[in-house]
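Report on one structure; see the data block that follows.
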Amino acid sequence: MRYIPHTRDDVAQMLGRIGVGSLEELFVEIPATVRLKRPLQLPAPLAEPELVRDLKALAARNATPENHVSFLGGGAYQHFIPAAVDQLISRSEFYTAYTPYQPEISQGTLQAIFEFQTLICQLTGMDVANASMYDGASACAEAALMAVRLTRRQRVLVSKALNPRWREVVTTYCRYLDLDVVEVGYGADGRTDLDDLAARLDGRVAAVIAGYPNYFGVVEDLAALARLAQGAGAKLVAGVNEGIALGLLKSPGELGADIVAGEGQSFGIPVSFGGPYVGFFAARMKDVRAMPGRLIGETVDRDGKRGFVLTLATREQHIRREKATSNICSNQGLCALTATVFLSLLGKQGLREMAGQNLAKAAYAREQLGRIKGVDLPFAAPGFNEFVVRTARPVKEVLAALEQQGILGGIPLGPDYPELADAFLVCVTEQHRRADIEVLAAALAGGAA
Amino acid sequence: MIVGTSGLVLNEKLLFEHSDAGRKGYSLPALDVPATELPDGLCRQEIAGFPELSEVDVVRHFTRLSTWNYGVDSGFYPLGSCTMKYNPKVNELAARLPGLADVHPATPDHLAQGALEMMFRLQEALAEISGFGAVTLQPAAGAQGELTGMLVVRAWHEARGSKRRKVLIPDTAHGTNPATAALAGFDVVPIASEGVLTLAEVEAHMTDEVAALMVTNPNTLGLFETNIAAICEVVHARGGLVYCDGANLNALLGIARPGDMGIDVMHFNLHKTFATPHGGGGPGSGPVGVSAALAPFLPGPWVIQDGDRYRFAGSSESIGRMLAFHGNFGIMLRAYAYIRSMGAAGLKHATEMAVLNANYVRARLEGGYHLPYATRSLHEVVFSDRDLPNDCHTLDVAKRLIDYGYHPPTIYFPLVVKGSIMIEPTETESQETLDEFCDAMLAIAKEAEMNPDLLHAAPVRTRVRRLDETAAARQPRLRWEGVGEKG
């Protein structure tokens with residue numbers, strides 16, 4: 001086996017040094033009653049060329065933007081990724097290292113994550129960001145638990161317009177801790193219904209969680225949400241569904257959010273059938289000791305030279321065990337590095353330009369689709385790069401007809417929102433050319449809708 | 001040969017200290033639709049301090065940073081309990097094939113058959129390797145796998161009307177175990193081990209209030225829990241379940257299966273046992289295997305075979321999602337590629353060589369360092385600093401090892417051994433590498449006697465020396481605070 005260097009002679013010599021006669025003797029502590037008495041039933045091993053053929057055969061059976069025009073979004077976005085990103089994260093000193101437990105030989109990872117924390121603070125308008133979470137959904141769930149710790153209250157209000165899969169993860173994390181998760185409705189314009197929120201807020205509520213942008217691609221009135229939540233002593237958690245939007249939208253920090261939990265997949269990470277992505281998590285400095293996850297801090301070495309270390313670890317599982325703020329250990333380190341490289345390349349101008357192109361192309365698509373008979377755009381509130389489309393014909397038929405023309409038209413909303421059974425979610429990014437948008441419009445106008 | 005040496009290492013500022021107004025490192029096509037603006041009040045000002053760099057600035061920056069790191073590709077990385085085996089390069093290619101990397105997670109099942117088939121095959125392979133009835137691939141890392149497993153335990157008890165709230169956890173456990181139990185709403189009851197868990201200790205604590213026992217097998221001392229089958233019987237007889245932390249599965253491939261020992265739930269660490277890279281702290285992947293009785297409670301959806309097609313399915317009894325999508329697919333692909341490359345015989349060979357390597361290191365270092373447990377080791381071995389003279393401690397040995405060119409072992413864990421040094425060589429290291437490492441360890445023990453200052457001063461060959469962690473915690477500086485102008 002090419003990954004295992006031992007020759008027959010090596011094995012014999014090593015066994016001799018250990019003082020046993022066979023490999024079998026090394027396993028004497030495992031009782032015969034629990035031994036496996038047959039070989040594992042796995043497919044025969046593949047040589048490297050055979051493996052590559054097998055993988056390519058799997059790859060050939062999937063729809064991608066190479067063979068379809070895709071308008072799928074809903075929490076995973078197809079954005080341009082500069083070639084330098086993958087080149088840099090493929091430096092194996094980065095990707096074959098583990099968590100930076102030995103700072104003297106991990107300064108590369110540590111400085112890069114310190115830069116990631118800074119970039120996330122700048123984007124979100126918050127004081128402090130951690131070294132990453134698994135994804136936006138689990139970051140939101142951890143934000144809910146942090147709000148519970150801070151307020152010592154037991155109820156979490158979640159906007160129905162928050163990504164429904166994120167809502168489900170928040171519920172999974174909360175239900176066995178005996179926390180109530182209560183939904184807040186959305187209004188006719190696609191934003192969280194402020195009256196419904198006001199009616200549900202009371203002294204039991206720890207957190208209010210809303211998307212920014214929300215699942216419908218709509219920009220919430222975060223300032224109003226923050227005022228209401230904080231007026232009742234609750235924390236406002238902004239769940240950033242699409243990180244690129246922060247290139248253009250006012251930061252959640254500026255609008256008063258207490259915690260920002262978001263998805264950073266858009267920052268240079270391929271959609272990769274759902275993962276690995278990178279959750280980001282930011283808060284106010286006064287609350288830092290209640291935060292989950294790893295934090296990198298700046299310090300000096302014995303000679304006074306600047307360096308970086310894991311810090312405030314007394315919040316974490318390896319020190320605090322059952323009293324830790326979270327059980328998270330490995331996070332998404334390499335994906336956080338990916339985001340850092342991506343944001344460095346795009347920089348101040350690039351992120352704004354990319355965000356602007358998303359906004360403009362989605363607006364153009366909205367306008368083109370809105371003119372088509374049988375197509376209706378139900379939500380009027382300002383949006384970013386996604387919007388809801390309602391069709392006269394059943395959604396299933398519309399999407400099937402589009403698929404016949406090589407178009408993945410969007411994500412049906414019915415399974416998550418029975419009241420929107422006649423609607424689907426369309427995402428347009430800077431990767432779509434005007435012609436792609438016109439192909440979608442023509443297909444819908446030509447009878448698909 | 002001493003591997004560690006000094007060479008030219010380049011300094012590098014923070015990204016933000018490099019910025020120059022107007023520089024950029026990207027290009028986008030000209031906008032081909034009319035430009036639009038956000039309505040008043042929604043749009044932010046330009047982001048103060050955000051980097052402005054050319055492509056070459058960025059490439060040099062991160063290339064220099066990478067040279068300050070130490071990875072498995074740099075050298076020996078015997079970090080106990082982390083299984084830092086070699087990460088095969090073809091697996092990286094697997095995760096980057098456009099037909100796999102560019103599949104959107106909301107793609108309809110019938111247009112993602114290749115992705116679903118890979119997931120199905122991986123579920124089946126992990127079930128066979130571990131002896132469990134069902135596997136979910138969704139959890140993003142080991143700790144999330146633990147949480148998934150313990151929530152499944154909660155759901156199983158609740159479905160039977162049982163309100164058990166206690167979880168037994170041995171003193172050798174990873175810190176994630178008690179943290180996970182708490183996050184799943186359980187109260188932790190610590191129990192003592194004598195190297196391995198005794199039946200009497202479990203019997204003494206196993207009451208009708210105990211929902212589960214969490215074990216690690218082999219445990220964090222590298223010892224097989226020899227009483228595991230009887231322990232599982234006792235826990236089951238009193239209505240509890242047994243959770244296994246699968247961090248140390250690399251000791252058992254093709255030799256024994258946790259599912260056959262009576263264990264009900266276990267998480268895998270694909271980034272340990274199945275050779276996917278650790279990424280400087282993730283992404284990992286933490287699938288969970290369960291006995292057939294617990295399968296309906298797993299987080300959905302999972303992949304099923306339906307004739308010659310594959311599709312996602314779920315269950316109304318599921319604990320619910322743990323992540324927005326289907327898990328760390330890119331990591332699953334690497335693990336799939338590894339399992340397909342190794343086959344059954346290759347996986348068993350990997351385990352045998354991992355155990356051989358640990359025992360070889362043990363044989364070579366015994367006498368030079370104190371060995372607290374005499375029981376035969378499996379994939380890792382734990383020494384301690386008990387016998388080191390001149391105020392030399394485990395931390396000093398670890399830092400001196402860096403000067404010799406090695407990543408130190410796991411230190412001060414497990415907690416049951418004072419000053420522990422936990423060495424896990426893995427199967428991908430040659431006898432020559434192990435000999436050089438053991439020579440270094442023994443040389444350091446000698447230095448502790450003859451010239452302890454070498455240990456106390458270490459490391460001296462690295463770009464930075466020992467860092468002041470106390471100052472970092474006392475006055476936390478967790479982000480760059482400059483003004484964004486070039487310094």
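In the structure tokens, each chain is lettered A, B, ... as it comes, each chain's residues begin at 1, and ligands are numbered from 1 in order of appearance.
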So that I can see what lies close to Leu10 in chain B, please list as an NGL selection string the residues with an atom at most 10 Å from it, counting only C-alpha atoms and leaving out residues fewer than 5 positions away in the same chain.
:B and (64-65 or 67-68 or 463)
Limited to all heavy atoms, could you put the picked residues into a file as a PDB file, in the first residue's frame?
ATOM      1  N   ARG B  64       3.912  33.110   2.746  1.00  0.00           N
ATOM      2  CA  ARG B  64       4.805  33.302   3.899  1.00  0.00           C
ATOM      3  C   ARG B  64       4.178  32.746   5.173  1.00  0.00           C
ATOM      4  O   ARG B  64       4.837  32.046   5.934  1.00  0.00           O
ATOM      5  CB  ARG B  64       5.114  34.787   4.091  1.00  0.00           C
ATOM      6  CG  ARG B  64       6.088  35.287   3.055  1.00  0.00           C
ATOM      7  CD  ARG B  64       6.445  36.731   3.295  1.00  0.00           C
ATOM      8  NE  ARG B  64       7.298  37.180   2.201  1.00  0.00           N
ATOM      9  CZ  ARG B  64       7.844  38.382   2.136  1.00  0.00           C
ATOM     10  NH1 ARG B  64       7.631  39.264   3.096  1.00  0.00           N
ATOM     11  NH2 ARG B  64       8.600  38.708   1.118  1.00  0.00           N
ATOM     12  N   LEU B  65       2.894  33.055   5.387  1.00  0.00           N
ATOM     13  CA  LEU B  65       2.233  32.527   6.591  1.00  0.00           C
ATOM     14  C   LEU B  65       2.323  30.999   6.619  1.00  0.00           C
ATOM     15  O   LEU B  65       2.554  30.399   7.663  1.00  0.00           O
ATOM     16  CB  LEU B  65       0.759  32.965   6.614  1.00  0.00           C
ATOM     17  CG  LEU B  65       0.399  34.150   7.516  1.00  0.00           C
ATOM     18  CD1 LEU B  65       1.283  35.349   7.261  1.00  0.00           C
ATOM     19  CD2 LEU B  65      -1.067  34.516   7.376  1.00  0.00           C
ATOM     20  N   THR B  67       4.569  29.090   5.659  1.00  0.00           N
ATOM     21  CA  THR B  67       5.880  28.569   6.057  1.00  0.00           C
ATOM     22  C   THR B  67       6.082  28.642   7.580  1.00  0.00           C
ATOM     23  O   THR B  67       7.042  28.087   8.091  1.00  0.00           O
ATOM     24  CB  THR B  67       7.033  29.334   5.375  1.00  0.00           C
ATOM     25  OG1 THR B  67       7.022  30.693   5.819  1.00  0.00           O
ATOM     26  CG2 THR B  67       6.910  29.283   3.863  1.00  0.00           C
ATOM     27  N   TRP B  68       5.212  29.301   8.278  1.00  0.00           N
ATOM     28  CA  TRP B  68       5.302  29.361   9.752  1.00  0.00           C
ATOM     29  C   TRP B  68       4.561  28.190  10.404  1.00  0.00           C
ATOM     30  O   TRP B  68       4.476  28.103  11.618  1.00  0.00           O
ATOM     31  CB  TRP B  68       4.705  30.661  10.292  1.00  0.00           C
ATOM     32  CG  TRP B  68       5.291  31.926   9.746  1.00  0.00           C
ATOM     33  CD1 TRP B  68       6.438  32.062   8.997  1.00  0.00           C
ATOM     34  CD2 TRP B  68       4.762  33.241   9.882  1.00  0.00           C
ATOM     35  NE1 TRP B  68       6.627  33.374   8.666  1.00  0.00           N
ATOM     36  CE2 TRP B  68       5.619  34.123   9.209  1.00  0.00           C
ATOM     37  CE3 TRP B  68       3.635  33.756  10.530  1.00  0.00           C
ATOM     38  CZ2 TRP B  68       5.394  35.504   9.144  1.00  0.00           C
ATOM     39  CZ3 TRP B  68       3.403  35.119  10.477  1.00  0.00           C
ATOM     40  CH2 TRP B  68       4.284  35.977   9.788  1.00  0.00           C
ATOM     41  N   ARG B 463      10.331  30.754  14.456  1.00  0.00           N
ATOM     42  CA  ARG B 463      10.242  32.177  14.142  1.00  0.00           C
ATOM     43  C   ARG B 463       9.861  32.989  15.381  1.00  0.00           C
ATOM     44  O   ARG B 463      10.350  34.105  15.569  1.00  0.00           O
ATOM     45  CB  ARG B 463       9.211  32.397  13.035  1.00  0.00           C
ATOM     46  CG  ARG B 463       9.245  33.805  12.489  1.00  0.00           C
ATOM     47  CD  ARG B 463       8.175  34.027  11.454  1.00  0.00           C
ATOM     48  NE  ARG B 463       7.751  35.402  11.549  1.00  0.00           N
ATOM     49  CZ  ARG B 463       6.803  35.832  12.350  1.00  0.00           C
ATOM     50  NH1 ARG B 463       6.132  34.982  13.108  1.00  0.00           N
ATOM     51  NH2 ARG B 463       6.505  37.115  12.404  1.00  0.00           N
TER      52      ARG B 463
END
Within 12 Å of Gly187 in chain A, counting only C-alpha atoms, which residues show up once you throw out same-chain ones fewer than 2 positions away? Write them as a list in words, please.
Ser159, Lys160, Ala161, Val184, Gly185, Asp189, Gly190, Arg191, Thr192, Asp193, Leu194, Asp195, Asp196, Leu197, Phe216, Val218, Glu220, Pro378, Phe379, Ala380 and Ala381 of chain A
So how many Å separate CA of Ala335 in chain B and CA of Ala95 in chain B, to one decimal?
10.0 Å
Point-to-point distance in Å for CA of Thr109 in chain A and CA of Pro51 in chain B:
18.5 Å
Contact residues around range 97-102 of chain A with only C-alpha atoms at 9 Å, ignoring same-chain residues under 3 positions, as a short mmCIF file (atom, residue, chain, number, x, y, z; two decimals) with N, CA and C atoms, in the first residue's frame:
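As written to disk, selection_33.cif reads:
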data_model
loop_
_atom_site.label_atom_id
_atom_site.label_comp_id
_atom_site.auth_asym_id
_atom_site.auth_seq_id
_atom_site.Cartn_x
_atom_site.Cartn_y
_atom_site.Cartn_z
N SER A 92 0.22 22.71 1.72
CA SER A 92 -0.12 21.65 2.67
C SER A 92 0.33 21.96 4.09
N GLU A 93 1.18 23.00 4.27
CA GLU A 93 1.47 23.42 5.65
C GLU A 93 0.19 23.93 6.31
N PHE A 94 -0.74 24.46 5.49
CA PHE A 94 -2.04 24.86 6.04
C PHE A 94 -2.95 23.65 6.22
N ILE A 105 4.82 26.75 16.26
CA ILE A 105 4.89 26.17 14.91
C ILE A 105 3.53 26.20 14.22
N SER A 106 2.67 27.14 14.65
CA SER A 106 1.34 27.27 14.06
C SER A 106 1.01 28.73 13.78
N GLN A 107 2.02 29.57 13.70
CA GLN A 107 1.74 31.00 13.54
C GLN A 107 1.03 31.33 12.23
N THR A 109 -1.40 29.54 10.67
CA THR A 109 -2.83 29.36 10.93
C THR A 109 -3.34 30.43 11.89
N LEU A 110 -2.58 30.69 12.95
CA LEU A 110 -3.06 31.61 13.98
C LEU A 110 -3.20 33.03 13.44
N VAL A 309 -2.00 33.44 19.74
CA VAL A 309 -2.28 32.20 20.48
C VAL A 309 -3.80 31.98 20.59
N LEU A 310 -4.19 30.74 20.85
CA LEU A 310 -5.57 30.46 21.26
C LEU A 310 -5.75 31.11 22.63
N CYS A 329 -15.11 21.77 19.04
CA CYS A 329 -13.68 21.51 19.15
C CYS A 329 -13.11 21.84 17.77
N SER A 330 -13.00 20.86 16.85
CA SER A 330 -12.68 21.20 15.46
C SER A 330 -13.76 22.14 14.95
N ASN A 331 -13.34 23.20 14.23
CA ASN A 331 -14.35 24.03 13.58
C ASN A 331 -14.16 23.88 12.08
N GLY A 333 -11.63 25.40 10.16
CA GLY A 333 -10.41 26.19 9.99
C GLY A 333 -10.02 26.49 8.55
N ASN B 69 3.94 27.36 9.59
CA ASN B 69 3.15 26.24 10.09
C ASN B 69 3.92 24.94 9.97
N TYR B 70 3.45 23.93 10.68
CA TYR B 70 4.00 22.58 10.59
C TYR B 70 2.82 21.66 10.32
N GLY B 71 2.88 20.90 9.23
CA GLY B 71 1.81 19.96 8.91
C GLY B 71 2.35 18.55 8.77
N VAL B 72 1.44 17.61 8.55
CA VAL B 72 1.85 16.21 8.35
C VAL B 72 2.82 16.12 7.16
N ASP B 73 2.60 16.97 6.17
CA ASP B 73 3.50 16.95 5.01
C ASP B 73 4.88 17.51 5.35
N TYR B 77 4.09 13.94 13.22
CA TYR B 77 3.08 14.74 13.92
C TYR B 77 2.33 13.82 14.87
N LEU B 79 0.49 13.55 17.38
CA LEU B 79 -0.46 14.19 18.29
C LEU B 79 -1.50 13.16 18.74
N CYS B 82 -5.43 12.31 17.91
CA CYS B 82 -5.82 13.08 16.73
C CYS B 82 -5.56 12.34 15.42
N MET B 84 -2.95 11.77 13.25
CA MET B 84 -2.44 12.63 12.17
C MET B 84 -1.72 11.78 11.12
N PRO B 277 -7.76 15.52 5.64
CA PRO B 277 -6.87 16.46 6.31
C PRO B 277 -7.55 17.23 7.44
N HIS B 278 -6.76 17.66 8.41
CA HIS B 278 -7.33 18.36 9.56
C HIS B 278 -7.51 19.86 9.30
N GLY B 279 -6.89 20.38 8.25
CA GLY B 279 -7.20 21.74 7.81
C GLY B 279 -6.81 22.85 8.77
N GLY B 280 -5.92 22.59 9.72
CA GLY B 280 -5.57 23.61 10.70
C GLY B 280 -6.70 23.82 11.70
N GLY B 281 -7.54 22.77 11.90
CA GLY B 281 -8.66 22.88 12.84
C GLY B 281 -9.98 22.78 12.11
N GLY B 282 -10.11 21.80 11.25
CA GLY B 282 -11.33 21.56 10.49
C GLY B 282 -11.23 22.09 9.07
N ALA B 398 8.03 19.07 25.19
CA ALA B 398 7.29 19.36 23.95
C ALA B 398 7.98 20.49 23.18
N LYS B 399 8.36 21.55 23.89
CA LYS B 399 8.97 22.70 23.20
C LYS B 399 10.35 22.33 22.66
N HIS B 407 6.55 17.84 15.49
CA HIS B 407 5.38 18.37 16.19
C HIS B 407 5.27 17.59 17.49
N PRO B 408 5.09 18.25 18.63
CA PRO B 408 5.00 17.52 19.89
C PRO B 408 3.78 16.61 19.95
N THR B 410 0.43 15.02 22.04
CA THR B 410 -0.58 15.66 22.90
C THR B 410 -0.03 15.69 24.32
#
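Minimum atom-to-atom distances from B:Gly368, B:Gly131, B:Gly185, B:Gly222 to Ile255 in chain B were compared using only C-alpha atoms, and the lowest value belongs to B:Gly131.
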If you run DSSP on the backbone, which residues of range 321-420 of chain B are strand (DSSP E or B), as a count of residues only?
10
How would you write, as a VMD selection string, the set of residues in range 95-195 of chain A that DSSP gives as alpha helix (DSSP H)?
chain A and resid 95 107 to 124 136 to 151 164 to 175 194 to 195
Excluding range 203-214 of chain B and residues on its chain fewer than 3 positions from it, collect all residues at most 9 Å away from it, counting only C-alpha atoms, and give them as a VMD selection string.
chain B and resid 150 153 to 154 157 162 to 170 173 177 to 178 181 186 189 191 198 to 200 231 to 232 234 to 235 238 to 245
Could the residues in this selection be written to a file with N, CA and C atoms, as a short mmCIF file (atom, residue, chain, number, x, y, z; two decimals), in the first residue's frame?
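For reference, out.cif as written:
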data_model
loop_
_atom_site.label_atom_id
_atom_site.label_comp_id
_atom_site.auth_asym_id
_atom_site.auth_seq_id
_atom_site.Cartn_x
_atom_site.Cartn_y
_atom_site.Cartn_z
N MET B 150 -25.89 11.83 21.27
CA MET B 150 -26.51 11.96 22.59
C MET B 150 -27.95 12.49 22.47
N VAL B 153 -29.91 9.50 21.82
CA VAL B 153 -30.14 8.80 23.09
C VAL B 153 -31.33 9.42 23.83
N ARG B 154 -31.36 10.77 23.86
CA ARG B 154 -32.49 11.47 24.50
C ARG B 154 -33.81 11.09 23.84
N HIS B 157 -35.02 7.52 24.60
CA HIS B 157 -35.60 7.42 25.94
C HIS B 157 -36.98 8.08 25.98
N SER B 162 -39.34 7.51 29.05
CA SER B 162 -38.34 7.55 30.12
C SER B 162 -37.73 8.94 30.21
N LYS B 163 -37.57 9.41 31.43
CA LYS B 163 -37.07 10.77 31.63
C LYS B 163 -35.66 10.76 32.23
N ARG B 164 -34.88 9.77 31.91
CA ARG B 164 -33.54 9.64 32.51
C ARG B 164 -32.65 10.83 32.13
N ARG B 165 -31.91 11.35 33.12
CA ARG B 165 -31.14 12.55 32.88
C ARG B 165 -29.65 12.42 33.18
N LYS B 166 -29.22 11.23 33.67
CA LYS B 166 -27.80 11.14 34.05
C LYS B 166 -26.99 10.40 32.99
N VAL B 167 -25.75 10.82 32.85
CA VAL B 167 -24.84 10.15 31.92
C VAL B 167 -23.53 9.87 32.66
N LEU B 168 -23.09 8.62 32.60
CA LEU B 168 -21.83 8.23 33.24
C LEU B 168 -20.67 8.48 32.27
N ILE B 169 -19.64 9.17 32.76
CA ILE B 169 -18.48 9.46 31.91
C ILE B 169 -17.19 9.16 32.68
N PRO B 170 -16.35 8.26 32.16
CA PRO B 170 -15.10 7.93 32.85
C PRO B 170 -14.12 9.11 32.86
N ALA B 173 -12.10 10.45 29.73
CA ALA B 173 -12.81 10.93 28.53
C ALA B 173 -12.26 12.25 27.99
N ASN B 177 -16.81 15.07 25.68
CA ASN B 177 -17.87 14.15 26.16
C ASN B 177 -18.75 14.81 27.21
N PRO B 178 -18.17 15.31 28.33
CA PRO B 178 -19.04 15.99 29.30
C PRO B 178 -19.69 17.25 28.73
N ALA B 181 -22.64 16.04 26.68
CA ALA B 181 -23.73 15.53 27.51
C ALA B 181 -24.54 16.70 28.07
N PHE B 186 -28.20 16.59 29.64
CA PHE B 186 -27.94 15.57 30.66
C PHE B 186 -27.11 16.12 31.81
N VAL B 189 -22.23 12.39 35.44
CA VAL B 189 -21.74 11.69 36.63
C VAL B 189 -20.37 11.12 36.28
N ILE B 191 -17.10 8.91 36.52
CA ILE B 191 -16.75 7.65 37.18
C ILE B 191 -15.26 7.39 37.00
N THR B 198 -13.85 -0.74 35.11
CA THR B 198 -14.21 -2.04 35.69
C THR B 198 -15.72 -2.20 35.71
N LEU B 199 -16.12 -3.46 35.67
CA LEU B 199 -17.55 -3.78 35.72
C LEU B 199 -18.15 -3.28 37.04
N ALA B 200 -17.36 -3.43 38.13
CA ALA B 200 -17.86 -3.05 39.45
C ALA B 200 -18.17 -1.55 39.50
N ILE B 231 -19.88 -4.73 30.32
CA ILE B 231 -20.36 -3.39 30.70
C ILE B 231 -21.62 -3.05 29.91
N CYS B 232 -21.59 -3.31 28.62
CA CYS B 232 -22.78 -3.02 27.78
C CYS B 232 -23.98 -3.82 28.30
N VAL B 234 -24.61 -4.84 31.33
CA VAL B 234 -25.10 -4.25 32.58
C VAL B 234 -25.92 -2.99 32.29
N VAL B 235 -25.38 -2.14 31.44
CA VAL B 235 -26.09 -0.88 31.13
C VAL B 235 -27.43 -1.19 30.46
N ARG B 238 -30.21 -2.48 32.71
CA ARG B 238 -30.89 -1.47 33.55
C ARG B 238 -31.48 -0.35 32.71
N GLY B 239 -31.68 -0.65 31.44
CA GLY B 239 -32.44 0.29 30.61
C GLY B 239 -31.65 1.44 30.03
N GLY B 240 -30.32 1.37 30.05
CA GLY B 240 -29.51 2.45 29.50
C GLY B 240 -28.93 2.10 28.15
N LEU B 241 -28.24 3.06 27.57
CA LEU B 241 -27.57 2.87 26.28
C LEU B 241 -26.08 3.16 26.46
N VAL B 242 -25.27 2.64 25.53
CA VAL B 242 -23.83 2.89 25.58
C VAL B 242 -23.41 3.68 24.35
N TYR B 243 -22.80 4.84 24.62
CA TYR B 243 -22.26 5.70 23.56
C TYR B 243 -20.76 5.47 23.47
N CYS B 244 -20.22 5.37 22.28
CA CYS B 244 -18.77 5.24 22.12
C CYS B 244 -18.23 6.43 21.34
N ASP B 245 -17.23 7.08 21.91
CA ASP B 245 -16.49 8.12 21.21
C ASP B 245 -15.55 7.39 20.24
#
For Val34 in chain A, find every residue with an atom within 12 Å (counting only C-alpha atoms), except residues of its own chain fewer than 4 positions away, and show them as a ChimeraX atom specification.
/A:27-30 /B:131,224-230,232,252,254-263
Would you export the selected residues with N, CA, C and O atoms as a short mmCIF file (atom, residue, chain, number, x, y, z; two decimals), in the first residue's frame, please?
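Result file follows (part_4.cif):
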data_model
loop_
_atom_site.label_atom_id
_atom_site.label_comp_id
_atom_site.auth_asym_id
_atom_site.auth_seq_id
_atom_site.Cartn_x
_atom_site.Cartn_y
_atom_site.Cartn_z
N PHE A 27 -2.55 -7.57 19.78
CA PHE A 27 -3.98 -7.34 20.02
C PHE A 27 -4.53 -8.25 21.13
O PHE A 27 -5.74 -8.43 21.24
N VAL A 28 -3.64 -8.80 21.97
CA VAL A 28 -4.08 -9.77 22.98
C VAL A 28 -5.14 -9.23 23.93
O VAL A 28 -5.92 -9.98 24.49
N GLU A 29 -5.15 -7.89 24.12
CA GLU A 29 -6.10 -7.33 25.09
C GLU A 29 -7.54 -7.31 24.56
O GLU A 29 -8.47 -7.02 25.31
N ILE A 30 -7.70 -7.55 23.27
CA ILE A 30 -9.07 -7.54 22.72
C ILE A 30 -9.63 -8.96 22.83
O ILE A 30 -9.14 -9.87 22.17
N GLY B 131 -20.04 -2.10 12.29
CA GLY B 131 -21.02 -3.05 12.78
C GLY B 131 -22.34 -2.44 13.24
O GLY B 131 -23.06 -3.02 14.02
N PHE B 224 -7.38 -1.04 25.38
CA PHE B 224 -8.69 -1.57 25.02
C PHE B 224 -9.52 -1.77 26.28
O PHE B 224 -9.02 -2.29 27.29
N GLU B 225 -10.77 -1.38 26.23
CA GLU B 225 -11.68 -1.58 27.38
C GLU B 225 -12.10 -3.05 27.37
O GLU B 225 -13.09 -3.43 26.75
N THR B 226 -11.32 -3.86 28.09
CA THR B 226 -11.51 -5.32 27.99
C THR B 226 -12.86 -5.79 28.50
O THR B 226 -13.34 -6.85 28.13
N ASN B 227 -13.48 -5.02 29.37
CA ASN B 227 -14.77 -5.45 29.95
C ASN B 227 -15.97 -4.92 29.16
O ASN B 227 -17.09 -4.96 29.65
N ILE B 228 -15.71 -4.41 27.97
CA ILE B 228 -16.76 -3.66 27.27
C ILE B 228 -18.05 -4.45 27.07
O ILE B 228 -19.15 -3.92 27.29
N ALA B 229 -17.93 -5.73 26.68
CA ALA B 229 -19.16 -6.50 26.41
C ALA B 229 -20.00 -6.66 27.67
O ALA B 229 -21.22 -6.45 27.65
N ALA B 230 -19.34 -6.98 28.79
CA ALA B 230 -20.08 -7.15 30.05
C ALA B 230 -20.65 -5.81 30.52
O ALA B 230 -21.77 -5.74 31.05
N CYS B 232 -21.59 -3.31 28.62
CA CYS B 232 -22.78 -3.02 27.78
C CYS B 232 -23.98 -3.82 28.30
O CYS B 232 -25.09 -3.30 28.36
N LEU B 252 -8.89 -0.34 15.48
CA LEU B 252 -9.79 -1.49 15.42
C LEU B 252 -10.21 -1.94 14.02
O LEU B 252 -10.90 -2.94 13.87
N GLY B 254 -11.12 -3.70 10.93
CA GLY B 254 -11.00 -5.09 10.50
C GLY B 254 -10.65 -6.06 11.62
O GLY B 254 -10.53 -7.26 11.39
N ILE B 255 -10.48 -5.54 12.85
CA ILE B 255 -10.10 -6.39 13.99
C ILE B 255 -11.33 -6.65 14.88
O ILE B 255 -11.60 -7.77 15.26
N ALA B 256 -12.03 -5.58 15.20
CA ALA B 256 -13.23 -5.68 16.04
C ALA B 256 -14.14 -4.52 15.69
O ALA B 256 -13.67 -3.47 15.23
N ARG B 257 -15.44 -4.72 15.91
CA ARG B 257 -16.41 -3.68 15.53
C ARG B 257 -17.22 -3.25 16.76
O ARG B 257 -17.81 -4.09 17.45
N PRO B 258 -17.27 -1.93 17.02
CA PRO B 258 -18.02 -1.43 18.19
C PRO B 258 -19.46 -1.94 18.22
O PRO B 258 -19.96 -2.27 19.30
N GLY B 259 -20.10 -2.03 17.08
CA GLY B 259 -21.48 -2.53 17.04
C GLY B 259 -21.59 -3.95 17.57
O GLY B 259 -22.60 -4.33 18.17
N ASP B 260 -20.56 -4.77 17.36
CA ASP B 260 -20.58 -6.16 17.82
C ASP B 260 -20.29 -6.27 19.32
O ASP B 260 -20.47 -7.33 19.91
N MET B 261 -19.80 -5.18 19.92
CA MET B 261 -19.46 -5.22 21.36
C MET B 261 -20.67 -4.89 22.23
O MET B 261 -20.58 -4.94 23.45
N GLY B 262 -21.76 -4.48 21.60
CA GLY B 262 -22.95 -4.10 22.35
C GLY B 262 -23.15 -2.59 22.43
O GLY B 262 -24.09 -2.11 23.05
N ILE B 263 -22.24 -1.84 21.79
CA ILE B 263 -22.37 -0.38 21.80
C ILE B 263 -23.55 0.02 20.91
O ILE B 263 -23.78 -0.58 19.87
#
